[in-house]
Each structure stands twice: as structure tokens, then as C-alpha cells.
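Peer 1: One structure, pasted below without further comment.
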Amino acid sequence: MSTLLLSLKERLQAVKRSRWIRFCVAAILLILFAIWLHNYYILLLFILLFDIYLTRYIPWTFWKKSKNKTVLRIMEWVDAIIYALIAVYLINIFLFQNYKIPSSSLEKSLLVGDYLFVSKLSYGPRVPNTPLSFPLVQNTFPVLNIKSYVEWPSWPYHRLAGLGQVKRGDIVVFNFPAGDTVAVRVPNPDYYTLVYYVGHDAVKQNREQFGEVEYRPVDRRENYVKRCIGMPGDTFEIRDNQVYIDGKALENPRNMQFNYFVMLQAGYHFSEKQFRELGVSVDDRYLVSSQQNWYKDLVALGFMPNADGTLPTIYHMPLTSEALKRIKQYPYVAKVVQEPGIFGGETYPLGAGYGWTRSDFGPLWIPKRGESIQLTADNLPLYERIIRNYEGNQLEWREGSLFINEEKSDTYQFKMDYYLMLGDNRDNSADSRFWGFVPEDHIVGKPLFVWLSIDKDRTWFDGYIRWKRLFRSASAL
């Protein structure tokens, strides 16, 4: 023991002043970081810093003494990669993140192929639930198909101070709330929708079709991006595709779209140039008159068959209000019918029997932290998932009464704020109308600008890169 203490004393006496200064700076930064995180377990790293800068019992740079040039070269690369991964990990968690728009739910505000620079600081970065994870991989390693994170240790939700709060109209990146449980081979539709339509046993037992069913922590659920429409404490409603907040009509996003059926006169078809003028991508246009499964729906919407029983040229496509005006001015357009909301299928909460559709939804009160609600058999389906899944309570009906955590209660006080998110491409967006509320602990960040935009429908010499969108503010699109 005395030998060890003597060795420690000698080691500390031999430390240069510059290393003492570097150690003090690193220690102060670690303490400030722990205070900011509100997690003091990371102060255990102080022991590591003490050895790295001062005592050096562990030969961290043993490889630098090697006379083998190959070993030196390889270890220099390994050293650089480790530092780079640590830097990327910290930046990705606490500062900024890259995000690619995968679907058309926000067109024409954000387009498929837009790459976004997302700020974690805008709403405050979250302390990760799963701190031991590989950077730049959300939940699964490509090719290997294994988890990119370790579930232990698991830290509770805590959000650090940010530059602002979520506001109505913000485009927000968030973790998919219904993504807590996933059928690996069929991630879309979500697990709960699969269970509703095909049954729990069918999903669990048919692993060949659906794959393993796994649970994912909040920060490992898929990232979604939508526009925040409903705020905590709002009463949200949609009537005939118009959003109302507390009974007042809300101004619609400038580039909001709805689906339409467009019939042309005999012998006419839209050209690629016309589709581009209308802003309709290849993936969003369908010649439905040539598809037998659309026949009954089209006739029910008032499209009359030809004498031979076939239908005229009828397209199905999303259009902004400006595109709709333009298309109605085409002389060869015979008829335009908006797609009914009922075509979107059942909405949240599935199986509750409210009769809501994507175009006529609510009224629905959005929970706010600290506020309470009287629970009844009628409104429980709206808030059951919040109480049970998001806020971690036991919930059951017993002998005609509601029990929360084994205590009889007909009221509940919410622990978090909640939001409703919609896509601007209203009829082609899987959003809060179908899977409900977004809890505050699922909020990831705010897109600042588009740093790259690629149009997969074009070639390199025909607009493959949308140069005009580069470095445009996401809020201005």
C-alpha cells in the first residue's frame, strides 16, 4: 500500500504544469456537463480523466512507443476514428442531426429527397434514454440487422434548456409514438394497427411474415417529421378538412394539398411537363381508371362509364390550391372531384366507434402538463394510451369502476405536454389523426434548413439536384 501511495505521489510530482491545466479544464467541463445533464453518474468519468491526464497507470498511448511503422499507422487511424465517433455522438445527441425526408406527407413544403439540418438546441436536447449506442444509426445496423444500442443503462426522460418551445405551425422532428413496439419485417403500418386488423396472435406467431416483435425505447423509435397543429390545452377539431382550434378556424399552411380525381376528355393524357407544372411526382400520380379495384368507387363518385363499360381517363393525385386552379383551367379537363375523407380508413383511436374520418375529426382535447380530466367510458379510449404507455401507469376497469395503479379513480392529472402533428399533404399523411398524440419526451428537434435536395424523378442533367432549395430555411418553405 505504501509503495502504491509513493508511486502515486511520485507520479503526481512528475506531472507537467501544462497537463495539470488541461486536467483542470477537462474536470470543470465535466462538472458543468453533469450539471447541465442533471445526471451526476457521469462524474465517475472523473477517475478516468485523472488517470489520462495525471497518473497514467493505464498505458493509453502504448502504441506510440512501437517501432513498427505499420502498427503506428494503424493505431493513428484507430485513435482518430475513436475521437471522431465520440465527437459525432455528442454532436448528434446534443446539438444537430441530419434527417432525410422519406415520404410525401409534408409536400409541397418539404419534398421527398430533402436533407434537413435539424437543431436539437431549438427545443432543448434530451438526455438519451439509451446512452450506449452507435452514432448515426437510429436503431438497427444495416445489413447486420441487429440493434445499434444497448438497453442498459437506461436513463429517465430529461430535457436540457433550449432556445425556445414548440410553437403552432412549427415543422417538428419527433420519435414515432406508436413505434414503441415493432414487427421488424412489417414496420408500416405500425404494430398496433397490424394487431387491430389481423389479430395479436397472428402477428406474434407468424414470424416468417411479420418477423420478431421488439420493444424500442423512446429515443430509438423511428424519426418522423410533421407540422405541429395542436398545442397542449387546445380543443382540436377538423370539419370538412378545415382545422379548428377552440372553435376558431386555423389558417392553413400555404402549400397544403388534398387528393383529387381528375377526368380528361376522350383521347387526352397528361404529359410529364404538365405533371411537373402541377408539382405532382411520379409516386403520387395514378391512372386509376385503368385499375379494376377503383371501378366501384369512381362510379359512386359520379364518373360515368363509357358505352363499352370502361372508364374515361381519370387520374388520382394530390394538388395544392394553386395547382387545383390551374388544372381547372385546362380545356380538356372534364371533371374534378375531391377524394372523400372516408377513403382514408379508420382514425384514432382504432375501434372506439367515434365515426371520425381524416376530414372530419374530433373535437379532441389535447392534454397539458398539470391539468386533469374526468375519465368516462366514452373518453377513456382517447387517453388510455397516454395514461398506460406514455406515463407508465397500470390501468384497468374492475366491477364497473376505473382503477389507476390499483387505486379507484375517475380523474387523471397529466405529467407531460402533448401535441397533435399533421402533414401538409393531408390525404397522404400518416399523422395524429391515425395514431394520436405526440408526448413532449418524443420531441427531437426543429429543422433549420435544407442542405441538399434530390429529385429522384429527374436525371443529373435535368434537375436531379434542386439547386433553388439548397440552404433555404425550412420554415420559409
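We name chains A, B, ... following the order of the C-alpha cells; residues begin at 1 in each chain, and ligands are numbered from 1 as shown.
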Just the helix (DSSP H, G or I) stuff from stretch 58-186 of chain A, please, per backbone DSSP, written as a PyMOL selection string.
Peer 2: chain A and resi 62-65+69-94+177-180
Peer 1: Within 12 Å of A:Phe117, counting only C-alpha atoms, which residues show up once you throw out same-chain ones fewer than 5 positions away? Write them as a list of chain:residue names, please.
Peer 2: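 Here the answer would be A:Asn92, A:Leu95, A:Phe96, A:Gln97, A:Asn98, A:Tyr99, A:Lys100, A:Ile101, A:Ser122, A:Val172, A:Val173, A:Gly445, A:Lys446, A:Pro447, A:Leu448, A:Phe449, A:Val450, A:Trp451, A:Leu452, A:Ser453, A:Leu470, A:Phe471, A:Arg472, A:Ser473, A:Ala474.
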Peer 1: Mind checking DSSP for stretch 71-269 of chain A and telling me the strand (DSSP E or B) residues as a PyMOL selection string?
Peer 2: chain A and resi 96-100+114-119+126+133+140+147+149+159+171-175+181-183+213-215+223-230+235-239+242-245+248-249+257-264
Peer 1: So which residues touch stretch 220-232 of chain A within 7 Å, counting only C-alpha atoms, skipping near sequence neighbours fewer than 5 positions away, as an NGL selection string?
Peer 2: :A and (106 or 138-139 or 168-176 or 179-180 or 366-368 or 417-423)
Peer 1: Compile a residue-level contact table for stretch 383-453 of chain A against stretch 186-209 of chain A at a cut-off of 12 Å, reporting for every qualifying residue the shortest atom pair and its distance in Å to one decimal, with only C-alpha atoms counted, rows ordered by chain and ascending number, as a tab-separated table.
Peer 2:
```
residue	atom	partner	partner_atom	distance
A:Arg385	CA	A:Tyr192	CA	11.1
A:Ala430	CA	A:Pro189	CA	9.2
A:Asp431	CA	A:Asp190	CA	11.7
A:Phe434	CA	A:Thr193	CA	9.2
A:Trp435	CA	A:Thr193	CA	8.8
A:Gly436	CA	A:Tyr192	CA	11.9
```
Peer 1: Rank A:Arg285, A:His316, A:His38, A:Lys456 by their smallest atom-to-atom distance to A:Pro102, using only C-alpha atoms, and report the top residue only.
Peer 2: A:Lys456
Peer 1: Pick out the residues sitting within 6 Å of A:Asn425, and hand them over as a list in words; count only C-alpha atoms, and ignore anything fewer than 3 positions along from it in its own chain.
Peer 2: Ser105, Leu106, Glu107, Met256, Gln257 and Asn428 of chain A
Peer 1: Any chance you could export the current selection's C-alpha atoms as a PDB file, in the first residue's frame?
Peer 2:
```pdb
ATOM      1  CA  SER A 105     -46.502  13.745 -46.120  1.00  0.00           C
ATOM      2  CA  LEU A 106     -45.224  17.357 -45.963  1.00  0.00           C
ATOM      3  CA  GLU A 107     -45.235  18.175 -49.658  1.00  0.00           C
ATOM      4  CA  MET A 256     -51.388  22.274 -48.116  1.00  0.00           C
ATOM      5  CA  GLN A 257     -52.594  19.565 -50.504  1.00  0.00           C
ATOM      6  CA  ASN A 428     -51.240  11.216 -47.942  1.00  0.00           C
TER       7      ASN A 428
END
```
Peer 1: Need the shell around stretch 303-306 of chain A: protein/DNA/RNA residues with any atom at most 10 Å away, counting only C-alpha atoms. Skip same-chain ones fewer than 3 positions apart. Format as a tab-separated table (two decimals) with N, CA, C and O atoms, in the first residue's frame?
Peer 2:
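Final file, around07.tsv:
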```tsv
chain	number	residue	atom	x	y	z
A	261	PHE	N	-59.60	13.40	-57.88
A	261	PHE	CA	-59.75	12.58	-59.08
A	261	PHE	C	-60.00	13.54	-60.24
A	261	PHE	O	-60.91	14.39	-60.18
A	262	VAL	N	-59.19	13.42	-61.28
A	262	VAL	CA	-59.26	14.35	-62.42
A	262	VAL	C	-59.56	13.55	-63.68
A	262	VAL	O	-58.77	12.69	-64.09
A	263	MET	N	-60.72	13.83	-64.29
A	263	MET	CA	-61.12	13.15	-65.52
A	263	MET	C	-60.84	14.04	-66.74
A	263	MET	O	-61.16	15.23	-66.73
A	266	ALA	N	-62.01	12.45	-73.81
A	266	ALA	CA	-61.56	11.28	-74.56
A	266	ALA	C	-60.32	11.58	-75.40
A	266	ALA	O	-60.27	12.62	-76.08
A	289	SER	N	-58.36	4.91	-63.61
A	289	SER	CA	-59.40	4.39	-64.49
A	289	SER	C	-59.00	3.07	-65.12
A	289	SER	O	-59.85	2.31	-65.61
A	295	TYR	N	-63.02	0.78	-59.79
A	295	TYR	CA	-64.21	0.98	-60.63
A	295	TYR	C	-65.44	1.41	-59.81
A	295	TYR	O	-66.07	2.43	-60.11
A	296	LYS	N	-65.79	0.62	-58.78
A	296	LYS	CA	-67.00	0.93	-58.00
A	296	LYS	C	-66.90	2.28	-57.31
A	296	LYS	O	-67.88	3.04	-57.25
A	297	ASP	N	-65.72	2.61	-56.77
A	297	ASP	CA	-65.54	3.90	-56.09
A	297	ASP	C	-65.70	5.06	-57.05
A	297	ASP	O	-66.34	6.08	-56.71
A	298	LEU	N	-65.14	4.92	-58.25
A	298	LEU	CA	-65.23	6.00	-59.23
A	298	LEU	C	-66.67	6.21	-59.70
A	298	LEU	O	-67.12	7.35	-59.86
A	299	VAL	N	-67.39	5.13	-59.91
A	299	VAL	CA	-68.80	5.25	-60.31
A	299	VAL	C	-69.60	5.90	-59.19
A	299	VAL	O	-70.46	6.76	-59.43
A	300	ALA	N	-69.32	5.51	-57.94
A	300	ALA	CA	-70.02	6.10	-56.79
A	300	ALA	C	-69.74	7.59	-56.66
A	300	ALA	O	-70.57	8.35	-56.15
A	309	GLY	N	-68.48	0.14	-71.15
A	309	GLY	CA	-68.28	-0.23	-69.76
A	309	GLY	C	-66.96	0.23	-69.16
A	309	GLY	O	-66.78	0.16	-67.94
A	310	THR	N	-66.05	0.70	-70.01
A	310	THR	CA	-64.77	1.20	-69.49
A	310	THR	C	-64.94	2.63	-68.99
A	310	THR	O	-65.95	3.29	-69.27
A	311	LEU	N	-63.96	3.09	-68.25
A	311	LEU	CA	-64.00	4.46	-67.71
A	311	LEU	C	-63.12	5.38	-68.54
A	311	LEU	O	-62.12	4.94	-69.13
A	312	PRO	N	-63.46	6.68	-68.60
A	312	PRO	CA	-62.59	7.65	-69.29
A	312	PRO	C	-61.24	7.75	-68.57
A	312	PRO	O	-61.04	7.13	-67.53
A	314	ILE	N	-58.95	8.87	-66.00
A	314	ILE	CA	-59.12	9.50	-64.69
A	314	ILE	C	-57.84	9.32	-63.89
A	314	ILE	O	-57.38	8.19	-63.68
A	335	LYS	N	-63.76	16.87	-65.51
A	335	LYS	CA	-64.36	16.80	-64.19
A	335	LYS	C	-63.28	16.65	-63.13
A	335	LYS	O	-62.30	15.92	-63.34
A	336	VAL	N	-63.46	17.33	-61.99
A	336	VAL	CA	-62.53	17.21	-60.87
A	336	VAL	C	-63.35	16.97	-59.60
A	336	VAL	O	-64.27	17.73	-59.29
A	337	VAL	N	-63.02	15.89	-58.86
A	337	VAL	CA	-63.74	15.55	-57.63
A	337	VAL	C	-62.72	15.33	-56.52
A	337	VAL	O	-61.76	14.57	-56.69
```
